[in-house]
$ cat input14.cif   # mmCIF, C-alpha atoms and all ligand atoms
data_protein
#
loop_
_atom_site.label_atom_id
_atom_site.label_comp_id
_atom_site.auth_asym_id
_atom_site.auth_seq_id
_atom_site.Cartn_x
_atom_site.Cartn_y
_atom_site.Cartn_z
CA MET A 1 0.00 0.00 0.00
CA LYS A 2 1.14 3.56 -0.71
CA VAL A 3 0.18 6.42 1.62
CA ILE A 4 0.43 10.08 0.65
CA VAL A 5 0.92 12.33 3.69
CA VAL A 6 0.60 16.09 3.22
CA GLY A 7 2.28 18.30 5.87
CA ALA A 8 5.56 17.55 7.62
CA GLY A 9 4.70 18.76 11.12
CA VAL A 10 4.49 16.26 13.93
CA VAL A 11 1.02 15.03 12.99
CA GLY A 12 2.04 14.26 9.39
CA THR A 13 5.38 12.81 10.46
CA MET A 14 3.71 10.48 12.95
CA HIS A 15 1.25 9.31 10.26
CA ALA A 16 4.24 8.58 8.04
CA TRP A 17 5.90 6.74 10.91
CA HIS A 18 2.94 4.44 11.58
CA ALA A 19 2.39 3.75 7.87
CA VAL A 20 6.04 2.75 7.41
CA GLU A 21 5.94 0.70 10.64
CA ARG A 22 3.08 -1.26 9.14
CA GLY A 23 5.08 -2.01 6.01
CA HIS A 24 3.65 0.61 3.66
CA GLU A 25 5.36 3.03 1.31
CA VAL A 26 4.99 6.74 2.14
CA VAL A 27 5.29 9.86 0.00
CA HIS A 28 5.45 12.87 2.32
CA ILE A 29 4.77 16.29 0.78
CA GLU A 30 5.61 19.60 2.50
CA ARG A 31 5.09 23.14 1.26
CA GLU A 32 8.24 24.52 2.90
CA ALA A 33 11.84 23.29 2.69
CA GLU A 34 11.27 22.01 6.23
CA ALA A 35 8.18 22.15 8.39
CA ARG A 36 7.95 25.61 9.97
CA GLY A 37 4.61 25.47 11.82
CA ALA A 38 3.45 24.71 15.35
CA SER A 39 5.48 21.51 15.59
CA LEU A 40 8.76 23.42 15.75
CA ARG A 41 7.48 26.34 17.77
CA ASN A 42 6.12 24.43 20.76
CA PHE A 43 7.60 23.58 24.16
CA GLY A 44 8.10 19.94 23.29
CA GLN A 45 6.10 19.06 26.37
CA ILE A 46 4.67 15.59 26.36
CA TRP A 47 2.07 16.82 28.78
CA VAL A 48 -0.09 14.30 30.59
CA SER A 49 -0.77 16.27 33.75
CA GLY A 50 -3.60 18.61 32.82
CA ARG A 51 -5.48 16.36 30.40
CA ALA A 52 -9.20 15.76 30.87
CA GLY A 53 -10.01 12.33 32.27
CA GLY A 54 -11.29 9.79 29.74
CA GLU A 55 -10.43 9.81 26.03
CA GLU A 56 -8.05 12.77 26.26
CA LEU A 57 -6.01 11.27 29.09
CA ASP A 58 -6.07 7.82 27.48
CA THR A 59 -4.76 9.34 24.23
CA ALA A 60 -2.03 11.28 26.05
CA LEU A 61 -0.92 8.23 28.05
CA ARG A 62 -0.82 6.03 24.96
CA ALA A 63 1.09 8.75 23.12
CA ARG A 64 3.52 9.10 26.03
CA GLU A 65 4.20 5.36 25.78
CA LEU A 66 4.69 5.61 22.01
CA TRP A 67 7.01 8.65 22.34
CA GLU A 68 9.16 6.74 24.82
CA GLY A 69 9.43 3.75 22.48
CA ILE A 70 10.10 5.87 19.40
CA GLY A 71 12.53 8.02 21.41
CA ALA A 72 14.54 4.92 22.34
CA ARG A 73 14.87 4.07 18.63
CA VAL A 74 15.43 7.69 17.51
CA PRO A 75 17.56 9.29 20.25
CA GLY A 76 17.97 12.46 18.17
CA LEU A 77 14.44 13.56 19.02
CA GLY A 78 15.54 14.07 22.61
CA PHE A 79 12.89 12.20 24.62
CA ARG A 80 13.35 12.75 28.37
CA ALA A 81 11.04 11.34 31.07
CA ILE A 82 11.57 14.39 33.29
CA GLY A 83 8.12 14.87 34.83
CA SER A 84 6.85 18.25 35.96
CA LEU A 85 6.37 20.36 39.07
CA THR A 86 3.68 22.99 39.61
CA PRO A 87 4.67 25.01 42.68
CA VAL A 88 1.80 26.44 44.75
CA ARG A 89 2.10 29.46 47.02
CA ASN A 90 -0.95 29.56 49.28
CA GLU A 91 -3.84 27.54 50.71
CA LEU A 92 -6.15 28.21 47.76
CA GLU A 93 -3.65 26.91 45.21
CA LEU A 94 -2.71 24.01 47.46
CA ALA A 95 -6.37 22.98 47.66
CA VAL A 96 -6.49 22.68 43.84
CA ALA A 97 -3.38 20.51 43.89
CA GLU A 98 -4.91 18.36 46.64
CA ALA A 99 -8.08 17.93 44.57
CA ALA A 100 -5.93 16.83 41.61
CA VAL A 101 -4.11 14.25 43.73
CA ALA A 102 -7.51 12.92 44.92
CA ARG A 103 -8.69 12.24 41.34
CA PRO A 104 -9.39 8.57 40.59
CA ASP A 105 -6.90 8.76 37.69
CA ALA A 106 -4.17 10.48 39.76
CA ALA A 107 -2.00 7.35 39.88
CA ALA A 108 -2.16 6.92 36.09
CA ARG A 109 -0.79 10.46 35.73
CA GLY A 110 1.82 9.94 38.42
CA TYR A 111 0.47 12.84 40.53
CA THR A 112 1.94 13.35 43.98
CA LEU A 113 1.97 16.36 46.29
CA LEU A 114 5.41 17.41 47.52
CA THR A 115 6.49 19.78 50.26
CA ALA A 116 8.69 22.64 49.13
CA ASP A 117 11.78 20.81 50.42
CA GLU A 118 10.79 17.61 48.62
CA ALA A 119 10.23 19.60 45.43
CA ARG A 120 13.69 21.19 45.75
CA ALA A 121 15.21 17.75 46.24
CA VAL A 122 13.67 16.76 42.87
CA ASN A 123 14.52 20.06 41.17
CA PRO A 124 17.26 21.95 43.07
CA ALA A 125 17.04 24.93 40.67
CA LEU A 126 13.75 25.93 42.35
CA ARG A 127 15.30 28.08 45.07
CA GLY A 128 12.49 30.67 45.15
CA GLU A 129 9.45 30.97 47.37
CA PHE A 130 6.59 28.45 47.32
CA GLU A 131 4.71 26.27 49.80
CA ALA A 132 4.38 22.93 48.04
CA ALA A 133 4.31 21.49 44.52
CA LEU A 134 2.14 19.19 42.45
CA ARG A 135 4.36 16.64 40.73
CA CYS A 136 3.35 14.76 37.59
CA GLU A 137 5.81 11.99 36.90
CA ARG A 138 4.32 11.00 33.55
CA ASP A 139 5.11 14.34 31.91
CA ALA A 140 8.04 14.23 29.52
CA ALA A 141 9.80 16.36 26.92
CA VAL A 142 11.21 16.14 23.41
CA GLU A 143 13.14 18.66 21.30
CA PRO A 144 10.66 20.27 18.89
CA ARG A 145 13.33 21.79 16.64
CA LEU A 146 15.00 18.40 16.21
CA ALA A 147 12.21 15.83 16.43
CA GLN A 148 10.86 16.05 12.87
CA LEU A 149 14.38 16.00 11.42
CA ALA A 150 15.43 12.99 13.49
CA LEU A 151 12.24 11.11 12.67
CA ARG A 152 12.70 11.86 8.97
CA GLU A 153 16.25 10.54 9.03
CA ALA A 154 15.01 7.30 10.58
CA LEU A 155 12.18 7.08 8.03
CA LEU A 156 14.55 7.66 5.11
CA ALA A 157 16.75 4.83 6.37
CA THR A 158 13.86 2.37 5.92
CA GLY A 159 13.90 2.84 2.12
CA LYS A 160 10.07 3.04 2.20
CA TYR A 161 9.84 6.78 2.60
CA THR A 162 10.15 9.70 0.19
CA PHE A 163 10.17 13.33 1.34
CA LEU A 164 9.08 15.95 -1.19
CA PRO A 165 9.71 19.45 0.23
CA ASN A 166 8.91 22.80 -1.44
CA ARG A 167 5.66 21.51 -2.89
CA GLU A 168 2.31 22.92 -1.92
CA VAL A 169 -0.60 20.58 -2.44
CA ARG A 170 -3.29 22.54 -4.28
CA ASP A 171 -5.92 19.95 -5.18
CA VAL A 172 -7.40 16.63 -4.31
CA VAL A 173 -7.79 14.79 -7.60
CA GLY A 174 -10.50 12.14 -7.77
CA GLU A 175 -9.89 9.44 -5.19
CA ASN A 176 -6.61 8.89 -3.33
CA ALA A 177 -4.60 11.49 -5.23
CA VAL A 178 -3.37 15.07 -4.87
CA ARG A 179 -1.89 17.61 -7.27
CA ASP A 180 0.98 19.85 -6.16
CA ASP A 181 1.87 23.37 -7.32
CA ARG A 182 4.22 21.99 -9.97
CA GLY A 183 1.26 20.22 -11.52
CA GLU A 184 2.47 16.78 -10.49
CA VAL A 185 -0.13 14.27 -9.37
CA HIS A 186 0.68 11.89 -6.50
CA ILE A 187 -1.49 8.80 -6.42
CA GLY A 188 -1.70 6.52 -3.40
CA ASP A 189 -4.06 4.06 -1.76
CA ALA A 190 -4.79 6.63 0.93
CA VAL A 191 -4.15 10.35 1.36
CA VAL A 192 -3.89 12.03 4.78
CA LEU A 193 -3.91 15.83 4.92
CA CYS A 194 -2.02 16.95 8.05
CA THR A 195 -1.86 20.61 7.17
CA GLY A 196 -1.99 22.06 10.67
CA ALA A 197 -3.48 25.52 11.12
CA TRP A 198 -3.70 26.29 7.38
CA LEU A 199 -7.50 26.10 7.30
CA SER A 200 -8.09 28.18 4.17
CA GLY A 201 -7.05 27.28 0.61
CA LEU A 202 -6.87 23.51 0.14
CA VAL A 203 -8.69 22.62 3.36
CA ARG A 204 -11.59 25.00 2.75
CA GLU A 205 -11.92 23.72 -0.82
CA VAL A 206 -12.04 20.06 0.15
CA ALA A 207 -13.75 20.26 3.55
CA GLY A 208 -15.52 23.64 3.69
CA GLU A 209 -15.70 25.35 7.07
CA ILE A 210 -14.66 22.89 9.74
CA PRO A 211 -15.25 23.18 13.52
CA VAL A 212 -11.62 24.09 14.15
CA ARG A 213 -10.21 27.47 15.19
CA ARG A 214 -6.75 29.00 15.25
CA VAL A 215 -4.95 30.06 18.42
CA ARG A 216 -1.78 32.18 18.56
CA LEU A 217 0.82 31.94 21.33
CA GLN A 218 3.92 33.92 22.31
CA MET A 219 7.06 32.12 23.47
CA MET A 220 10.67 32.85 24.40
CA GLN A 221 13.92 31.01 24.98
CA THR A 222 16.86 32.00 27.17
CA GLU A 223 20.56 31.43 26.99
CA PRO A 224 21.75 28.38 28.97
CA LEU A 225 20.71 28.51 32.65
CA GLY A 226 24.08 27.22 33.80
CA GLU A 227 22.48 24.48 35.87
CA ALA A 228 19.96 21.71 35.35
CA LEU A 229 16.24 22.33 35.52
CA THR A 230 15.49 18.68 36.16
CA THR A 231 11.71 18.87 35.59
CA SER A 232 9.35 20.96 33.54
CA VAL A 233 7.71 23.69 35.60
CA ALA A 234 4.21 25.19 35.45
CA ASP A 235 2.59 27.83 37.63
CA ALA A 236 -0.77 27.71 39.38
CA ASP A 237 -2.31 29.75 36.53
CA SER A 238 -2.13 26.51 34.56
CA PHE A 239 -4.83 25.17 36.91
CA ARG A 240 -7.20 27.68 35.32
CA TYR A 241 -6.75 26.29 31.81
CA TYR A 242 -6.33 22.53 32.02
CA PRO A 243 -9.51 20.48 32.43
CA ALA A 244 -7.95 18.02 34.91
CA TYR A 245 -8.01 20.72 37.59
CA ALA A 246 -11.73 21.54 37.41
CA SER A 247 -12.92 21.26 41.01
CA GLU A 248 -14.68 23.15 43.78
CA ALA A 249 -11.23 24.14 44.98
CA LEU A 250 -10.55 25.76 41.59
CA ASP A 251 -13.87 27.63 41.76
CA SER A 252 -12.81 28.97 45.16
CA LEU A 253 -9.41 29.97 43.78
CA ARG A 254 -11.03 31.84 40.90
CA ALA A 255 -13.44 33.61 43.24
CA ALA A 256 -10.88 34.64 45.86
CA GLN A 257 -7.70 35.16 43.86
CA PRO A 258 -8.08 37.03 40.57
CA GLN A 259 -5.37 36.31 38.05
CA ASP A 260 -2.64 38.95 37.56
CA PRO A 261 -4.13 41.49 35.08
CA THR A 262 -1.45 40.87 32.41
CA ALA A 263 -1.85 37.11 32.74
CA ALA A 264 -5.65 37.44 32.55
CA ALA A 265 -5.54 39.80 29.55
CA HIS A 266 -3.35 37.41 27.56
CA ARG A 267 -4.84 34.15 28.96
CA MET A 268 -1.44 33.20 30.30
CA GLN A 269 0.07 30.43 32.30
CA LEU A 270 3.71 29.67 32.90
CA LEU A 271 5.12 26.56 31.26
CA MET A 272 8.88 26.12 31.21
CA VAL A 273 11.17 23.36 30.01
CA GLN A 274 14.91 23.16 29.65
CA ARG A 275 16.33 22.52 26.19
CA LEU A 276 19.24 20.18 25.62
CA ASP A 277 21.57 23.21 25.28
CA GLY A 278 20.58 24.36 28.78
CA GLY A 279 18.35 27.24 27.62
CA LEU A 280 14.81 27.55 28.95
CA THR A 281 11.76 27.59 26.70
CA ILE A 282 9.17 29.73 28.45
CA GLY A 283 5.56 30.63 27.59
CA ASP A 284 2.73 31.19 26.96
CA THR A 285 -0.13 33.46 25.93
CA HIS A 286 -3.34 32.59 24.05
CA GLU A 287 -4.88 34.84 21.40
CA TYR A 288 -8.19 33.81 19.82
CA GLU A 289 -9.51 36.96 18.14
CA HIS A 290 -8.70 37.67 14.50
CA PRO A 291 -6.85 39.32 12.93
CA PHE A 292 -3.92 38.03 14.97
CA ALA A 293 -1.18 40.42 15.99
CA PHE A 294 1.82 40.24 13.67
CA ASP A 295 4.20 41.45 16.34
CA THR A 296 5.07 40.17 19.81
CA LEU A 297 4.14 42.15 22.91
CA GLU A 298 6.54 42.79 25.79
CA ASP A 299 4.08 42.84 28.73
CA PRO A 300 3.50 39.07 28.72
CA TYR A 301 7.25 38.44 28.57
CA GLU A 302 7.81 40.74 31.54
CA HIS A 303 5.12 38.87 33.49
CA LEU A 304 6.66 35.48 32.66
CA THR A 305 10.11 36.71 33.64
CA ARG A 306 8.79 37.85 37.04
CA VAL A 307 7.09 34.48 37.68
CA VAL A 308 10.11 32.42 36.62
CA GLU A 309 12.54 34.52 38.64
CA SER A 310 10.33 34.11 41.71
CA PHE A 311 10.46 30.30 41.35
CA LEU A 312 14.17 30.13 40.55
CA GLY A 313 15.13 32.75 43.15
CA ARG A 314 17.59 34.23 40.66
CA PRO A 315 17.61 36.40 37.54
CA LEU A 316 16.70 34.78 34.27
CA PRO A 317 19.53 34.43 31.73
CA LYS A 318 19.36 36.74 28.72
CA ILE A 319 16.49 36.04 26.34
CA ARG A 320 17.94 34.73 23.09
CA ARG A 321 14.78 34.11 21.07
CA ARG A 322 11.19 35.30 20.98
CA TRP A 323 8.57 33.95 18.62
CA ALA A 324 4.89 33.31 18.10
CA GLY A 325 3.16 30.19 16.87
CA VAL A 326 -0.33 29.24 15.77
CA TYR A 327 -2.05 25.94 16.35
CA ALA A 328 -5.39 24.58 15.19
CA GLN A 329 -7.82 23.53 17.91
CA CYS A 330 -11.23 21.83 17.75
CA VAL A 331 -13.88 24.39 18.75
CA ASP A 332 -15.26 21.68 21.03
CA THR A 333 -12.08 21.44 23.08
CA SER A 334 -13.10 18.09 24.56
CA ARG A 335 -12.44 16.56 21.11
CA VAL A 336 -8.90 15.26 20.81
CA VAL A 337 -8.66 15.92 17.06
CA HIS A 338 -10.72 16.65 13.95
CA ARG A 339 -10.44 13.55 11.77
CA GLN A 340 -12.66 13.70 8.69
CA ARG A 341 -12.98 11.71 5.47
CA VAL A 342 -13.19 14.52 2.92
CA ARG A 343 -13.29 12.34 -0.20
CA ASP A 344 -13.04 8.61 -0.81
CA GLY A 345 -9.58 7.66 0.36
CA VAL A 346 -8.73 11.18 1.53
CA TRP A 347 -8.61 12.11 5.21
CA LEU A 348 -8.04 15.41 6.99
CA VAL A 349 -6.44 15.25 10.45
CA THR A 350 -6.10 18.58 12.23
CA GLY A 351 -7.11 20.50 15.35
CA PRO A 352 -5.26 18.71 18.19
CA GLY A 353 -4.79 22.11 19.83
CA GLY A 354 -2.24 22.69 22.54
CA ARG A 355 -1.76 18.96 22.98
CA GLY A 356 -0.78 18.06 19.42
CA MET A 357 2.88 17.45 20.16
CA THR A 358 1.89 15.19 23.04
CA CYS A 359 -0.88 13.24 21.34
CA SER A 360 0.30 12.97 17.72
CA PRO A 361 1.73 9.42 17.92
CA ALA A 362 -1.56 8.11 19.33
CA ILE A 363 -3.67 10.22 16.94
CA ALA A 364 -1.75 8.80 13.98
CA GLU A 365 -1.99 5.29 15.37
CA LYS A 366 -5.77 5.66 15.55
CA THR A 367 -5.93 6.90 11.96
CA ALA A 368 -3.85 3.88 10.89
CA ASP A 369 -6.19 1.52 12.77
CA GLU A 370 -9.35 3.15 11.42
CA LEU A 371 -8.08 3.09 7.84
CA GLY A 372 -7.02 -0.53 8.20
CA TRP A 373 -3.33 0.12 7.36
C1 LIG B 401 3.72 28.02 20.76
C2 LIG B 401 3.13 26.64 20.82
C3 LIG B 401 3.42 25.82 21.92
C4 LIG B 401 2.87 24.54 21.97
N1 LIG B 401 3.28 23.68 22.96
C5 LIG B 401 2.90 22.38 22.93
C6 LIG B 401 3.44 21.44 23.83
O1 LIG B 401 4.35 21.74 24.58
N2 LIG B 401 2.93 20.19 23.85
C7 LIG B 401 1.96 19.81 22.99
O2 LIG B 401 1.50 18.68 23.07
N3 LIG B 401 1.52 20.64 22.00
C8 LIG B 401 1.96 21.92 21.97
N4 LIG B 401 1.51 22.78 21.02
C9 LIG B 401 0.59 22.29 19.99
C10 LIG B 401 1.33 21.51 18.92
O3 LIG B 401 2.54 22.17 18.58
C11 LIG B 401 0.44 21.38 17.66
O4 LIG B 401 -0.81 20.83 18.02
C12 LIG B 401 1.10 20.45 16.65
O5 LIG B 401 2.42 20.82 16.40
C13 LIG B 401 0.29 20.46 15.34
O6 LIG B 401 1.03 19.70 14.41
P1 LIG B 401 0.60 19.67 12.89
O7 LIG B 401 1.50 18.72 12.22
O8 LIG B 401 -0.89 19.45 12.80
O9 LIG B 401 0.80 21.17 12.38
P2 LIG B 401 2.11 21.94 11.86
O10 LIG B 401 3.28 21.67 12.71
O11 LIG B 401 1.72 23.36 11.72
O12 LIG B 401 2.42 21.29 10.44
C14 LIG B 401 1.60 21.45 9.33
C15 LIG B 401 2.49 21.44 8.11
O13 LIG B 401 1.68 21.33 6.94
C16 LIG B 401 2.31 22.12 5.92
N5 LIG B 401 1.26 22.43 4.93
C17 LIG B 401 0.14 23.16 5.13
N6 LIG B 401 -0.59 23.22 4.01
C18 LIG B 401 0.09 22.51 3.06
C19 LIG B 401 -0.15 22.20 1.70
N7 LIG B 401 -1.25 22.61 1.07
N8 LIG B 401 0.77 21.46 1.03
C20 LIG B 401 1.90 21.01 1.67
N9 LIG B 401 2.17 21.27 2.96
C21 LIG B 401 1.27 22.01 3.65
C22 LIG B 401 2.84 23.32 6.66
O14 LIG B 401 3.86 23.98 5.92
C23 LIG B 401 3.33 22.69 7.96
O15 LIG B 401 4.71 22.34 7.89
C24 LIG B 401 2.00 24.08 20.94
C25 LIG B 401 1.73 24.92 19.87
C26 LIG B 401 2.29 26.19 19.79
C27 LIG B 401 1.97 27.05 18.61
#
$ encode --input "input14.cif" --output "structure tokens"
Amino acid sequence: MKVIVVGAGVVGTMHAWHAVERGHEVVHIEREAEARGASLRNFGQIWVSGRAGGEELDTALRARELWEGIGARVPGLGFRAIGSLTPVRNELELAVAEAAVARPDAAARGYTLLTADEARAVNPALRGEFEAALRCERDAAVEPRLAQLALREALLATGKYTFLPNREVRDVVGENAVRDDRGEVHIGDAVVLCTGAWLSGLVREVAGEIPVRRVRLQMMQTEPLGEALTTSVADADSFRYYPAYASEALDSLRAAQPQDPTAAAHRMQLLMVQRLDGGLTIGDTHEYEHPFAFDTLEDPYEHLTRVVESFLGRPLPKIRRRWAGVYAQCVDTSRVVHRQRVRDGVWLVTGPGGRGMTCSPAIAEKTADELGW
């Protein structure tokens, strides 16, 4: 069988991976010389901790297992089972962490509640002020700027995989075939469109308006910290955004402790992960209204810097990079992904939202199962 995959972000690459794993030939088409979308711009968090119980958590846990296995075979993608800590600073935040630890699925996530000293024993870089920390041992990280490249190298080595960069797919032609902007037609037994947040053009022509929206985020990366940040770190604002933390304790937190105005205005939480070079990737903001800003704003960065410095108890290294990224998210955020048969033999897979890097191996596995690859 021959599978045509369009889009070389993590969702397309993982579809290519599963197809090749199952013995099929893959032609992978990408508009740019290399993927340049959300898959490179993210934290690389394989984030289990905040997922909604049920299908979303099951998908994230399965994906976490797949990432670990693939990471062992492709070390260049930088898989690390580092877990995460969310420090809490007062009784209200602690109550939300306690409610999380009391969830029936807490053990599956590897949730535990640590004292501040226990948290510092796990992550000695956290020398700032906090009372306790929620740990999630199942959280992990990969290197987003390297993962697609490393996976592609491994795919090329199988001899079953062809990468065609610098070709924009413009048309779906009949069944199981696409035409690129050089006029070449690529015919397979199945076509999977993994075109990320590009919802106009090709996607609108073949699928019309789909229940998926675009979300823009601001990010930054520092110079090397000069010491290990042994876990990912989130702040208690993340409780406000992730469904796993919905609880009476969260309602009380919201009522009694308004979010910092900058954080509220930009729908922010702190997420932070150390890159292999020692730098820290730090974010994020969430922008939903169109047209999106084309520039990055300083206020959110200043807020993030304050929060990080308060956890680390030291100044942040110089910021080396700032960027923004856009992901596609199902409007019904309880849906893990938008998977739609748009023509016979042609599938569109998009909209995994802020969990696409985490869930993509399991999303692609499900596509492969459903299509009988
Ligand atoms: C700033 C940021 C931080 C994030 N952090 C995390 C995180 O830590 N953990 C997590 O799980 N998720 C995270 N996410 C979400 C995650 O990055 C995305 O869900 C995921 O990368 C989506 O992958 P994708 O392959 O669908 O899209 P993309 O990576 O955008 O790839 C789509 C590709 O399709 C190509 N393409 C589009 N149209 C065509 C065409 N017609 N012909 C050929 N090629 C085409 C594009 O050029 C692009 O390379 C984050 C997202 C952002 C923006």
$ residues_around --input "input14.cif" --residues "Ala133 of chain A" --least-positions-apart "6" --cutoff "7 Å" --atoms "all atoms listed in the file" --output "number ranges by chain"
A: 85-88, 113-116, 119
$ residues_near_ligand --input "input14.cif" --ligand "ligand LIG 401 (chain B)" --cutoff "6 Å" --atoms "only C-alpha atoms and all ligand atoms" --output "PyMOL selection string"
chain A and resi 6-12+29-32+35-39+41-46+167-170+194-198+202+217+219+325-327+350+352-358
$ atom_distance --input "input14.cif" --atom1 "atom CA of Cys136 of chain A" --atom2 "atom CA of Ala150 of chain A"
27.0 Å
$ atom_distance --input "input14.cif" --atom1 "atom CA of Arg109 of chain A" --atom2 "atom CA of Ala246 of chain A"
15.7 Å
$ atom_distance --input "input14.cif" --atom1 "atom CA of Leu146 of chain A" --atom2 "atom CA of Leu77 of chain A"
5.6 Å
$ closest_atom_pairs --input "input14.cif" --of "segment 73-104 of chain A" --to "segment 253-273 of chain A" --cutoff "9 Å" --atoms "all atoms listed in the file" --output "JSON lines"
{"residue": "A:Ser84", "atom": "CA", "partner": "A:Val273", "partner_atom": "CA", "distance": 9.0}
{"residue": "A:Leu92", "atom": "CA", "partner": "A:Leu253", "partner_atom": "CA", "distance": 5.4}
{"residue": "A:Glu93", "atom": "CA", "partner": "A:Leu253", "partner_atom": "CA", "distance": 6.7}
{"residue": "A:Ala95", "atom": "CA", "partner": "A:Leu253", "partner_atom": "CA", "distance": 8.6}
{"residue": "A:Val96", "atom": "CA", "partner": "A:Leu253", "partner_atom": "CA", "distance": 7.9}
$ residues_around --input "input14.cif" --residues "Thr333 of chain A" --least-positions-apart "2" --cutoff "12 Å" --atoms "all atoms listed in the file" --output "compact mmCIF listing (two decimals) with C-alpha atoms, in the frame of the given file"
# COMPACT_ATOMS: atom_id res chain seq x y z
CA ARG A 51 -5.48 16.36 30.40
CA ALA A 52 -9.20 15.76 30.87
CA GLU A 56 -8.05 12.77 26.26
CA PRO A 211 -15.25 23.18 13.52
CA VAL A 212 -11.62 24.09 14.15
CA ARG A 213 -10.21 27.47 15.19
CA TYR A 241 -6.75 26.29 31.81
CA TYR A 242 -6.33 22.53 32.02
CA PRO A 243 -9.51 20.48 32.43
CA ALA A 328 -5.39 24.58 15.19
CA GLN A 329 -7.82 23.53 17.91
CA CYS A 330 -11.23 21.83 17.75
CA VAL A 331 -13.88 24.39 18.75
CA ARG A 335 -12.44 16.56 21.11
CA VAL A 336 -8.90 15.26 20.81
CA VAL A 337 -8.66 15.92 17.06
CA HIS A 338 -10.72 16.65 13.95
CA GLY A 351 -7.11 20.50 15.35
CA PRO A 352 -5.26 18.71 18.19
CA GLY A 353 -4.79 22.11 19.83
CA GLY A 354 -2.24 22.69 22.54
CA ARG A 355 -1.76 18.96 22.98
$ closest_residue --input "input14.cif" --among "A:Ala364, A:Leu57, A:Met1, A:Ile319" --to "Ala106 of chain A" --atoms "all atoms listed in the file"
A:Leu57
